[in-house]
Amino acid sequence: MSRHIFVTGGVVSSLGKGLTSASIGMLLERRGLTVRMQKLDPYLNVDPGTMSPYQHGEVYVLDDGSETDLDLGHYERFTSGTLNRHSNYTTGQIYLSVIEKERRGEYLGHTVQVVPHITDEIKASILSLATPDVDVVITEIGGTVGDIEGLPFLEAIRQIPLDIGKENVMFIHLTLVPYLKAAREAKTKPTQHSVQQLRGIGIQPDILIVRTERPIGREHTDKIALFCNVEKKAVIEEVDKEFSIYEVPIGLIEHGLDELICQKLHLNAGPLKMDDYRQLVHRIRNPRNEVTIAVVGKYIEHRDAYKSIYESLDHAGFAHSTQINVKRIEAEELERQEPELLLKGIDGLLIPGGFGMRGIEGKIQAIQFAREAEIPFFGVCLGMQCAVIEFARHVLGLADANSSEFSSDTPHAVICLLEGQKGIRYKGGTMRLGAQPCVLTPGTRTATAYNATEISERHRHRYEFNPDYRKQFSDAGMTIAGTSPDGGLVEIVELATHPWFVAVQYHPEFKSQPHNAHPLFKGFIEAALKRRLQRGSSIMTGTVQSE
């Protein structure tokens with residue numbers, strides 16, 4: 001029977017349950033076990049696809065087109081298990097399913113209630129991952145213990161041991177031990193109260209992982225163990241990491257977490273194999289070079305809005321033993337200041353995805369500056385669309401060129417609505433979503449980076465390159481480097497005469513991993529590093545010119 005690990009959080013949100021869950025998944029996989037990951041979110045939205053990036057961060061898209069929580073990005077970056085629509089459930093999905101069953105008469109006249117009907121639906125969603133080939137299912141419960149909307153999920157996981165046996169279930173609770181500078185001591189009381197709330201619901205944690213800014217020592221962990229009714233060895237410190245989030249699994253190993261889990265769940269696990277990962281962490285801690293990449297977006301102040309973009313840049317940096325210094329620039333700032341001032345000294349420019357008109361002109365100005373100054377440029381989704389608009393205006397001479405998303409009456413809609421999107425009424429789950437095949441043009445920079453003729457990448461968009469303008473762009477020097485298999489949709493454009501000017505309609509950041517950087521991000525950082533080194537040589541010889 002599959003074992004189940006439930007990860008809950010207490011005291012405050014944003015403690016890193018997703019990262020901790022993913023790290024646990026990695027450690028178990030590297031002991032030869034088959035792991036599946038899952039996130040249960042207590043909000044009423046059916047999925048995060050219609051939620052603001054300011055509130056929710058990025059929407060992470062899976063191969064099957066599911067729009068999911070950004071924590072699933074951590075799961076895929078740390079583990080190899082397949083993720084699909086069963087890997088992320090929300091309160092909205094659970095209630096929708098129950099209501100639809102009630103409308104079909106499946107409850108045979110019973111009064112439909114939170115217990116047992118909602119909790120049974122939640123349990124079914126959890127147990128759906130426990131197939132015969134899976135050793136461990138790790139389920140992260142979103143939110144914080146004490147949130148009223150999370151109670152049905154906690155009640156459901158309380159019942160799981162009664163259904164499948166306590167020996168097959170483990171509860172891990174992640175909390176905060178704050179350090180008060182004025183008192184010069186760590187405080188364990190918030191953790192005690194959080195566990196008390198959890199125990200009041202009927203859940204006794206088997207392991208406590210306590211987040212701290214600095215080591216707290218055995219005195220405090222022993223105190224936590226005593227007052228929270230947990231074994232001393234089962235209180236694990238998780239100290240903030242100095243260099244990278246990818247150090248988290250190493251810290252958990254040092255505290256014996258993987259061994260403890262295997263013992264408590266009686267898992268038939270092999271020895272832990274982490275040599276290659278330790279080498280990766282060594283490269284992360286000891287970069288040989290550095291580059292500065294400007295990311296120009298409209299949600300810059302909310303870092304989670306571009307979480308996978310930043311992680312993918314780091315992965316490419318790891319591959320080149322290079323520290324990535326990200327210069328975050330609000331797109332609207334480029335509409336108020338000259339690009340030369342805000343983009344001075346950068347080694348590469350990346351324009352990520354997004355929706356809506358705000359900041360578009362700033363992005364276009366940034367792309368023009370990068371194209372003319374021969375600064376490596378990488379456009380993703382909306383970044384590609386802005387690159388097409390910029391090229392149309394300043395190279396093709398179509399001064400009023402635009403996207404029909406931003407200007408419905410533009411005379412040159414070089415970006416237009418996908419045919420399949422016309423007439424759609426509902427916003428949720430209706431974009432072009434998930435893995436789509438793409439045929440690469442031989443000899444292009446993109447084909448060289450992938451070393452392939454056909455690829456599959458994940459999409460999330462409604463608008464596309466207008467095929468009516470393909471010949472004009474090609475004749476002017478913009479290469480169509482990738483299309484849908486039928487040739488109807490333009491997926492990739494690039495400039496052959498530029499050091500690195502590549503823009504894609506899809507989201508390559510969703511398929512990058514720390515030990516396997518995405519080829520386009522690797523190529524982009526390689527070009528940025530080359531520029532950095534050339535500029536350094538020019539400065540040394542006194543030949544560098546102002547941008």
# chains A, B, ... in the order shown; residues from 1 in each chain; ligands from 1
>>> residues_around(residues="segment 22-32 of chain A", least_positions_apart="4", cutoff="9 Å", atoms="only C-alpha atoms", output="number ranges by chain")
A: 17-18, 36-37, 71-72, 74-81, 136-138, 246, 248-250, 252-253, 257-258, 261-262, 268-274
>>> write_last_selection(atoms="N, CA and C atoms", output="compact mmCIF listing (two decimals), in the first residue's frame")
# COMPACT_ATOMS: atom_id res chain seq x y z
N LYS A 17 6.24 25.69 2.60
CA LYS A 17 5.74 24.31 2.63
C LYS A 17 5.98 23.61 1.30
N GLY A 18 5.78 24.35 0.21
CA GLY A 18 5.96 23.75 -1.10
C GLY A 18 7.40 23.32 -1.33
N ARG A 36 4.74 10.63 -5.59
CA ARG A 36 3.80 11.53 -6.27
C ARG A 36 3.51 12.71 -5.35
N MET A 37 3.40 13.89 -5.95
CA MET A 37 3.21 15.13 -5.19
C MET A 37 1.82 15.71 -5.47
N ASP A 71 3.46 26.22 -6.37
CA ASP A 71 4.23 25.20 -5.66
C ASP A 71 4.46 23.96 -6.51
N LEU A 72 3.60 23.73 -7.49
CA LEU A 72 3.81 22.58 -8.36
C LEU A 72 5.07 22.77 -9.21
N HIS A 74 7.85 23.92 -7.86
CA HIS A 74 8.86 23.33 -6.98
C HIS A 74 8.85 21.81 -7.11
N TYR A 75 7.66 21.22 -7.15
CA TYR A 75 7.57 19.77 -7.24
C TYR A 75 8.29 19.27 -8.49
N GLU A 76 8.05 19.93 -9.63
CA GLU A 76 8.66 19.46 -10.87
C GLU A 76 10.15 19.77 -10.94
N ARG A 77 10.57 20.84 -10.29
CA ARG A 77 12.00 21.16 -10.32
C ARG A 77 12.82 20.23 -9.41
N PHE A 78 12.18 19.69 -8.38
CA PHE A 78 12.91 18.86 -7.41
C PHE A 78 12.70 17.36 -7.61
N THR A 79 11.56 16.97 -8.21
CA THR A 79 11.27 15.54 -8.35
C THR A 79 10.98 15.21 -9.81
N SER A 80 10.86 13.91 -10.08
CA SER A 80 10.62 13.47 -11.46
C SER A 80 9.24 12.88 -11.65
N GLY A 81 8.43 12.84 -10.61
CA GLY A 81 7.10 12.24 -10.71
C GLY A 81 6.18 13.03 -11.62
N VAL A 136 5.07 6.49 -2.18
CA VAL A 136 4.72 7.57 -1.25
C VAL A 136 3.97 8.67 -1.98
N VAL A 137 2.85 9.10 -1.39
CA VAL A 137 2.13 10.28 -1.87
C VAL A 137 2.35 11.40 -0.86
N ILE A 138 2.88 12.52 -1.33
CA ILE A 138 3.10 13.67 -0.45
C ILE A 138 2.04 14.72 -0.79
N TYR A 246 18.12 25.74 -3.26
CA TYR A 246 18.52 24.38 -3.60
C TYR A 246 19.44 23.77 -2.55
N VAL A 248 18.25 23.55 0.53
CA VAL A 248 17.30 23.03 1.52
C VAL A 248 17.40 21.51 1.69
N PRO A 249 17.41 20.72 0.61
CA PRO A 249 17.50 19.26 0.81
C PRO A 249 18.74 18.84 1.58
N ILE A 250 19.87 19.52 1.35
CA ILE A 250 21.11 19.18 2.06
C ILE A 250 20.94 19.40 3.56
N LEU A 252 18.16 19.26 5.26
CA LEU A 252 17.27 18.23 5.81
C LEU A 252 18.00 16.91 5.98
N ILE A 253 18.92 16.61 5.05
CA ILE A 253 19.73 15.39 5.18
C ILE A 253 20.58 15.46 6.44
N LEU A 257 16.34 13.74 8.23
CA LEU A 257 14.90 13.67 7.98
C LEU A 257 14.53 12.48 7.11
N ASP A 258 15.29 12.23 6.04
CA ASP A 258 14.94 11.13 5.14
C ASP A 258 14.98 9.79 5.86
N ILE A 261 11.90 9.48 8.18
CA ILE A 261 10.67 9.18 7.45
C ILE A 261 10.64 7.71 7.06
N CYS A 262 11.75 7.20 6.56
CA CYS A 262 11.80 5.80 6.13
C CYS A 262 11.57 4.85 7.31
N ASN A 268 10.76 0.46 2.34
CA ASN A 268 11.86 -0.37 1.85
C ASN A 268 12.72 0.47 0.91
N ALA A 269 13.49 1.38 1.50
CA ALA A 269 14.26 2.35 0.73
C ALA A 269 15.72 1.93 0.63
N GLY A 270 16.34 2.36 -0.46
CA GLY A 270 17.76 2.10 -0.65
C GLY A 270 18.60 3.21 -0.06
N PRO A 271 19.92 3.16 -0.24
CA PRO A 271 20.79 4.22 0.26
C PRO A 271 20.54 5.53 -0.48
N LEU A 272 20.78 6.63 0.20
CA LEU A 272 20.58 7.96 -0.39
C LEU A 272 21.71 8.26 -1.37
N LYS A 273 21.35 8.63 -2.59
CA LYS A 273 22.34 8.94 -3.64
C LYS A 273 22.25 10.43 -3.98
N MET A 274 23.19 11.20 -3.45
CA MET A 274 23.14 12.66 -3.61
C MET A 274 24.46 13.26 -4.12
>>> select_by_dssp(residues="segment 50-87 of chain A", states="alpha helix (DSSP H)", output="JSON, numbers by chain")
{"A": [53, 54, 55, 56, 71, 72, 73, 74, 75, 76, 77, 78]}
>>> residues_around(residues="segment 179-194 of chain A", least_positions_apart="5", cutoff="7 Å", atoms="only C-alpha atoms", output="PyMOL selection string")
chain A and resi 10-11+145+216+224+227-228
>>> residues_around(residues="Pro215 of chain A", least_positions_apart="6", cutoff="9 Å", atoms="only C-alpha atoms", output="JSON, numbers by chain")
{"A": [237, 238, 239]}
>>> write_last_selection(atoms="N, CA, C and O atoms", output="CSV table (one decimal), in the first residue's frame")
chain,number,residue,atom,x,y,z
A,237,GLU,N,15.3,21.4,12.6
A,237,GLU,CA,15.6,22.8,12.3
A,237,GLU,C,15.7,23.0,10.8
A,237,GLU,O,16.4,22.2,10.1
A,238,GLU,N,15.1,24.0,10.3
A,238,GLU,CA,15.3,24.4,8.9
A,238,GLU,C,15.7,25.9,8.8
A,238,GLU,O,14.9,26.8,8.8
A,239,VAL,N,17.0,26.1,8.9
A,239,VAL,CA,17.6,27.5,9.0
A,239,VAL,C,17.6,28.1,7.6
A,239,VAL,O,17.8,27.4,6.6
>>> select_by_dssp(residues="segment 186-384 of chain A", states="strand (DSSP E or B)", output="PyMOL selection string")
chain A and resi 186+207-212+235-239+289-297+322-330+348-351+377-380
>>> write_last_selection(atoms="N, CA and C atoms", output="mmCIF file, in the first residue's frame")
data_model
loop_
_atom_site.group_PDB
_atom_site.id
_atom_site.type_symbol
_atom_site.label_atom_id
_atom_site.label_comp_id
_atom_site.auth_asym_id
_atom_site.auth_seq_id
_atom_site.Cartn_x
_atom_site.Cartn_y
_atom_site.Cartn_z
ATOM 1 N N ALA A 186 15.190 33.230 20.669
ATOM 2 C CA ALA A 186 14.155 32.627 19.843
ATOM 3 C C ALA A 186 12.942 32.318 20.709
ATOM 4 N N ILE A 207 6.318 14.649 12.869
ATOM 5 C CA ILE A 207 7.578 15.380 12.710
ATOM 6 C C ILE A 207 7.262 16.867 12.657
ATOM 7 N N LEU A 208 8.068 17.651 13.340
ATOM 8 C CA LEU A 208 7.973 19.111 13.273
ATOM 9 C C LEU A 208 9.215 19.645 12.564
ATOM 10 N N ILE A 209 8.999 20.475 11.564
ATOM 11 C CA ILE A 209 10.099 21.184 10.909
ATOM 12 C C ILE A 209 9.940 22.659 11.247
ATOM 13 N N VAL A 210 10.930 23.211 11.911
ATOM 14 C CA VAL A 210 10.801 24.591 12.386
ATOM 15 C C VAL A 210 11.721 25.505 11.583
ATOM 16 N N ARG A 211 11.112 26.501 10.944
ATOM 17 C CA ARG A 211 11.861 27.490 10.183
ATOM 18 C C ARG A 211 12.444 28.531 11.132
ATOM 19 N N THR A 212 13.711 28.858 10.954
ATOM 20 C CA THR A 212 14.374 29.846 11.804
ATOM 21 C C THR A 212 15.324 30.696 10.967
ATOM 22 N N VAL A 235 12.132 16.741 15.814
ATOM 23 C CA VAL A 235 12.058 18.199 15.680
ATOM 24 C C VAL A 235 13.257 18.626 14.836
ATOM 25 N N ILE A 236 12.975 19.072 13.628
ATOM 26 C CA ILE A 236 14.023 19.349 12.633
ATOM 27 C C ILE A 236 14.134 20.858 12.410
ATOM 28 N N GLU A 237 15.338 21.382 12.597
ATOM 29 C CA GLU A 237 15.591 22.796 12.278
ATOM 30 C C GLU A 237 15.723 22.974 10.775
ATOM 31 N N GLU A 238 15.123 24.042 10.259
ATOM 32 C CA GLU A 238 15.310 24.416 8.851
ATOM 33 C C GLU A 238 15.719 25.891 8.833
ATOM 34 N N VAL A 239 17.015 26.109 8.885
ATOM 35 C CA VAL A 239 17.560 27.465 8.968
ATOM 36 C C VAL A 239 17.574 28.102 7.583
ATOM 37 N N ASN A 289 31.756 33.163 -12.722
ATOM 38 C CA ASN A 289 31.452 34.398 -13.446
ATOM 39 C C ASN A 289 30.144 34.981 -12.932
ATOM 40 N N GLU A 290 29.777 36.123 -13.465
ATOM 41 C CA GLU A 290 28.481 36.717 -13.152
ATOM 42 C C GLU A 290 27.981 37.515 -14.349
ATOM 43 N N VAL A 291 26.659 37.598 -14.479
ATOM 44 C CA VAL A 291 26.044 38.431 -15.502
ATOM 45 C C VAL A 291 24.858 39.156 -14.876
ATOM 46 N N THR A 292 24.495 40.273 -15.495
ATOM 47 C CA THR A 292 23.331 41.037 -15.053
ATOM 48 C C THR A 292 22.251 40.955 -16.115
ATOM 49 N N ILE A 293 21.103 40.429 -15.722
ATOM 50 C CA ILE A 293 19.973 40.272 -16.634
ATOM 51 C C ILE A 293 18.838 41.195 -16.190
ATOM 52 N N ALA A 294 18.393 42.040 -17.098
ATOM 53 C CA ALA A 294 17.235 42.890 -16.807
ATOM 54 C C ALA A 294 15.964 42.119 -17.139
ATOM 55 N N VAL A 295 15.050 42.029 -16.179
ATOM 56 C CA VAL A 295 13.732 41.453 -16.416
ATOM 57 C C VAL A 295 12.733 42.604 -16.347
ATOM 58 N N VAL A 296 12.123 42.893 -17.480
ATOM 59 C CA VAL A 296 11.184 44.006 -17.566
ATOM 60 C C VAL A 296 9.770 43.440 -17.610
ATOM 61 N N GLY A 297 9.009 43.679 -16.548
ATOM 62 C CA GLY A 297 7.665 43.129 -16.458
ATOM 63 C C GLY A 297 6.702 44.093 -15.807
ATOM 64 N N THR A 322 27.789 30.430 -13.296
ATOM 65 C CA THR A 322 27.657 31.881 -13.367
ATOM 66 C C THR A 322 26.585 32.384 -12.408
ATOM 67 N N GLN A 323 26.907 33.403 -11.659
ATOM 68 C CA GLN A 323 25.948 34.055 -10.778
ATOM 69 C C GLN A 323 25.050 34.973 -11.602
ATOM 70 N N ILE A 324 23.736 34.799 -11.479
ATOM 71 C CA ILE A 324 22.790 35.640 -12.215
ATOM 72 C C ILE A 324 22.326 36.771 -11.309
ATOM 73 N N ASN A 325 22.664 37.987 -11.676
ATOM 74 C CA ASN A 325 22.181 39.166 -10.960
ATOM 75 C C ASN A 325 20.991 39.723 -11.737
ATOM 76 N N VAL A 326 19.803 39.615 -11.162
ATOM 77 C CA VAL A 326 18.596 40.048 -11.850
ATOM 78 C C VAL A 326 18.298 41.501 -11.502
ATOM 79 N N LYS A 327 18.157 42.313 -12.542
ATOM 80 C CA LYS A 327 17.763 43.710 -12.370
ATOM 81 C C LYS A 327 16.287 43.808 -12.734
ATOM 82 N N ARG A 328 15.439 43.933 -11.740
ATOM 83 C CA ARG A 328 13.994 43.966 -11.959
ATOM 84 C C ARG A 328 13.549 45.380 -12.291
ATOM 85 N N ILE A 329 12.904 45.540 -13.438
ATOM 86 C CA ILE A 329 12.499 46.865 -13.911
ATOM 87 C C ILE A 329 11.010 46.851 -14.217
ATOM 88 N N GLU A 330 10.281 47.753 -13.592
ATOM 89 C CA GLU A 330 8.859 47.918 -13.874
ATOM 90 C C GLU A 330 8.700 48.498 -15.280
ATOM 91 N N GLY A 348 21.961 41.185 -20.624
ATOM 92 C CA GLY A 348 20.867 40.536 -21.333
ATOM 93 C C GLY A 348 19.542 41.107 -20.873
ATOM 94 N N LEU A 349 18.529 41.004 -21.749
ATOM 95 C CA LEU A 349 17.186 41.498 -21.452
ATOM 96 C C LEU A 349 16.192 40.372 -21.639
ATOM 97 N N LEU A 350 15.322 40.180 -20.651
ATOM 98 C CA LEU A 350 14.250 39.186 -20.753
ATOM 99 C C LEU A 350 12.913 39.866 -20.520
ATOM 100 N N ILE A 351 11.972 39.625 -21.421
ATOM 101 C CA ILE A 351 10.599 40.126 -21.262
ATOM 102 C C ILE A 351 9.701 38.912 -21.044
ATOM 103 N N PHE A 377 18.674 39.165 -26.150
ATOM 104 C CA PHE A 377 17.268 39.354 -25.794
ATOM 105 C C PHE A 377 16.544 38.023 -25.849
ATOM 106 N N PHE A 378 15.678 37.802 -24.853
ATOM 107 C CA PHE A 378 14.850 36.603 -24.792
ATOM 108 C C PHE A 378 13.425 37.031 -24.453
ATOM 109 N N GLY A 379 12.485 36.739 -25.332
ATOM 110 C CA GLY A 379 11.087 37.072 -25.109
ATOM 111 C C GLY A 379 10.259 35.831 -24.868
ATOM 112 N N VAL A 380 9.396 35.871 -23.862
ATOM 113 C CA VAL A 380 8.555 34.730 -23.491
ATOM 114 C C VAL A 380 7.092 35.130 -23.558
#
>>> residues_around(residues="segment 119-123 of chain A", least_positions_apart="4", cutoff="10 Å", atoms="only C-alpha atoms", output="ChimeraX atom specification")
/A:40,89-91,93-95,97-98,113-115,127-128,151-160,163
>>> atom_distance(atom1="atom CA of Gly73 of chain A", atom2="atom CA of Glu311 of chain A")
9.6 Å
>>> residues_around(residues="Gly434 of chain A", least_positions_apart="4", cutoff="8 Å", atoms="only C-alpha atoms", output="list in words")
Val61, Leu62, Asp63, Asp64, Gly65, Ser66, Glu457, Arg458, His459 and Arg460 of chain A
>>> closest_residue(among="A:Val195, A:Val439, A:Ala316, A:Met170", to="Glu509 of chain A", atoms="only C-alpha atoms")
A:Ala316
>>> atom_distance(atom1="atom CA of Tyr54 of chain A", atom2="atom CA of Phe318 of chain A")
28.7 Å
>>> atom_distance(atom1="atom CA of Lys39 of chain A", atom2="atom CA of Ser87 of chain A")
6.1 Å
>>> residues_around(residues="segment 333-339 of chain A", least_positions_apart="3", cutoff="9 Å", atoms="only C-alpha atoms", output="mmCIF file with C-alpha atoms, in the first residue's frame")
data_model
loop_
_atom_site.group_PDB
_atom_site.id
_atom_site.type_symbol
_atom_site.label_atom_id
_atom_site.label_comp_id
_atom_site.auth_asym_id
_atom_site.auth_seq_id
_atom_site.Cartn_x
_atom_site.Cartn_y
_atom_site.Cartn_z
ATOM 1 C CA VAL A 296 11.184 44.006 -17.566
ATOM 2 C CA ILE A 329 12.499 46.865 -13.911
ATOM 3 C CA GLU A 330 8.859 47.918 -13.874
ATOM 4 C CA LEU A 342 17.475 52.013 -16.866
ATOM 5 C CA LEU A 343 19.167 49.371 -19.018
ATOM 6 C CA LYS A 344 22.712 50.673 -18.872
ATOM 7 C CA GLY A 359 3.468 48.689 -19.463
ATOM 8 C CA ILE A 360 3.408 47.452 -23.068
ATOM 9 C CA GLU A 361 5.026 50.548 -24.554
ATOM 10 C CA GLY A 362 7.828 50.324 -21.986
ATOM 11 C CA LYS A 363 8.496 46.715 -22.964
ATOM 12 C CA GLN A 365 11.080 50.428 -25.943
ATOM 13 C CA ALA A 366 13.282 48.018 -24.000
ATOM 14 C CA PHE A 369 17.059 49.250 -27.248
#
>>> decode(residues="segment 181-213 of chain A", atoms="N, CA and C atoms", output="compact mmCIF listing (two decimals), in the first residue's frame")
# COMPACT_ATOMS: atom_id res chain seq x y z
N LYS A 181 14.99 40.24 18.20
CA LYS A 181 16.28 40.90 18.37
C LYS A 181 16.35 41.66 19.69
N ALA A 182 15.24 42.28 20.07
CA ALA A 182 15.24 43.06 21.31
C ALA A 182 15.51 42.17 22.53
N ALA A 183 14.91 40.97 22.50
CA ALA A 183 15.09 40.04 23.61
C ALA A 183 16.32 39.15 23.43
N ARG A 184 16.84 39.15 22.18
CA ARG A 184 18.01 38.32 21.84
C ARG A 184 17.77 36.84 22.11
N GLU A 185 16.57 36.39 21.74
CA GLU A 185 16.28 34.97 21.91
C GLU A 185 15.18 34.52 20.96
N ALA A 186 15.19 33.23 20.67
CA ALA A 186 14.16 32.63 19.84
C ALA A 186 12.94 32.32 20.71
N LYS A 187 11.76 32.35 20.10
CA LYS A 187 10.53 32.11 20.83
C LYS A 187 9.80 30.89 20.26
N THR A 188 9.55 29.91 21.11
CA THR A 188 8.91 28.68 20.67
C THR A 188 7.40 28.67 20.88
N LYS A 189 6.88 29.67 21.58
CA LYS A 189 5.45 29.67 21.92
C LYS A 189 4.54 29.63 20.69
N PRO A 190 4.83 30.41 19.61
CA PRO A 190 3.96 30.31 18.43
C PRO A 190 3.86 28.89 17.88
N THR A 191 4.98 28.17 17.89
CA THR A 191 4.96 26.78 17.41
C THR A 191 4.12 25.91 18.34
N GLN A 192 4.25 26.11 19.63
CA GLN A 192 3.44 25.34 20.58
C GLN A 192 1.95 25.57 20.34
N HIS A 193 1.56 26.82 20.14
CA HIS A 193 0.15 27.14 19.91
C HIS A 193 -0.35 26.55 18.60
N SER A 194 0.51 26.58 17.57
CA SER A 194 0.12 26.03 16.27
C SER A 194 -0.14 24.54 16.38
N VAL A 195 0.74 23.83 17.07
CA VAL A 195 0.56 22.39 17.25
C VAL A 195 -0.66 22.11 18.12
N GLN A 196 -0.89 22.97 19.09
CA GLN A 196 -2.07 22.81 19.95
C GLN A 196 -3.35 22.90 19.12
N GLN A 197 -3.38 23.84 18.16
CA GLN A 197 -4.55 23.96 17.27
C GLN A 197 -4.71 22.69 16.44
N LEU A 198 -3.60 22.19 15.93
CA LEU A 198 -3.65 20.99 15.10
C LEU A 198 -4.13 19.79 15.91
N ARG A 199 -3.64 19.66 17.12
CA ARG A 199 -4.05 18.55 17.98
C ARG A 199 -5.53 18.69 18.37
N GLY A 200 -6.00 19.93 18.50
CA GLY A 200 -7.41 20.15 18.80
C GLY A 200 -8.32 19.65 17.69
N ILE A 201 -7.80 19.64 16.48
CA ILE A 201 -8.55 19.12 15.33
C ILE A 201 -8.51 17.60 15.31
N GLY A 202 -7.51 17.05 16.01
CA GLY A 202 -7.39 15.59 16.05
C GLY A 202 -6.17 15.07 15.31
N ILE A 203 -5.23 15.95 14.97
CA ILE A 203 -4.02 15.55 14.25
C ILE A 203 -2.81 15.77 15.14
N GLN A 204 -2.09 14.71 15.41
CA GLN A 204 -0.84 14.78 16.17
C GLN A 204 0.32 14.70 15.18
N PRO A 205 1.13 15.76 15.06
CA PRO A 205 2.26 15.70 14.13
C PRO A 205 3.25 14.61 14.53
N ASP A 206 3.78 13.92 13.53
CA ASP A 206 4.83 12.94 13.76
C ASP A 206 6.21 13.61 13.71
N ILE A 207 6.32 14.65 12.87
CA ILE A 207 7.58 15.38 12.71
C ILE A 207 7.26 16.87 12.66
N LEU A 208 8.07 17.65 13.34
CA LEU A 208 7.97 19.11 13.27
C LEU A 208 9.22 19.65 12.56
N ILE A 209 9.00 20.47 11.56
CA ILE A 209 10.10 21.18 10.91
C ILE A 209 9.94 22.66 11.25
N VAL A 210 10.93 23.21 11.91
CA VAL A 210 10.80 24.59 12.39
C VAL A 210 11.72 25.50 11.58
N ARG A 211 11.11 26.50 10.94
CA ARG A 211 11.86 27.49 10.18
C ARG A 211 12.44 28.53 11.13
N THR A 212 13.71 28.86 10.95
CA THR A 212 14.37 29.85 11.80
C THR A 212 15.32 30.70 10.97
N GLU A 213 15.56 31.91 11.44
CA GLU A 213 16.54 32.78 10.77
C GLU A 213 17.96 32.37 11.11
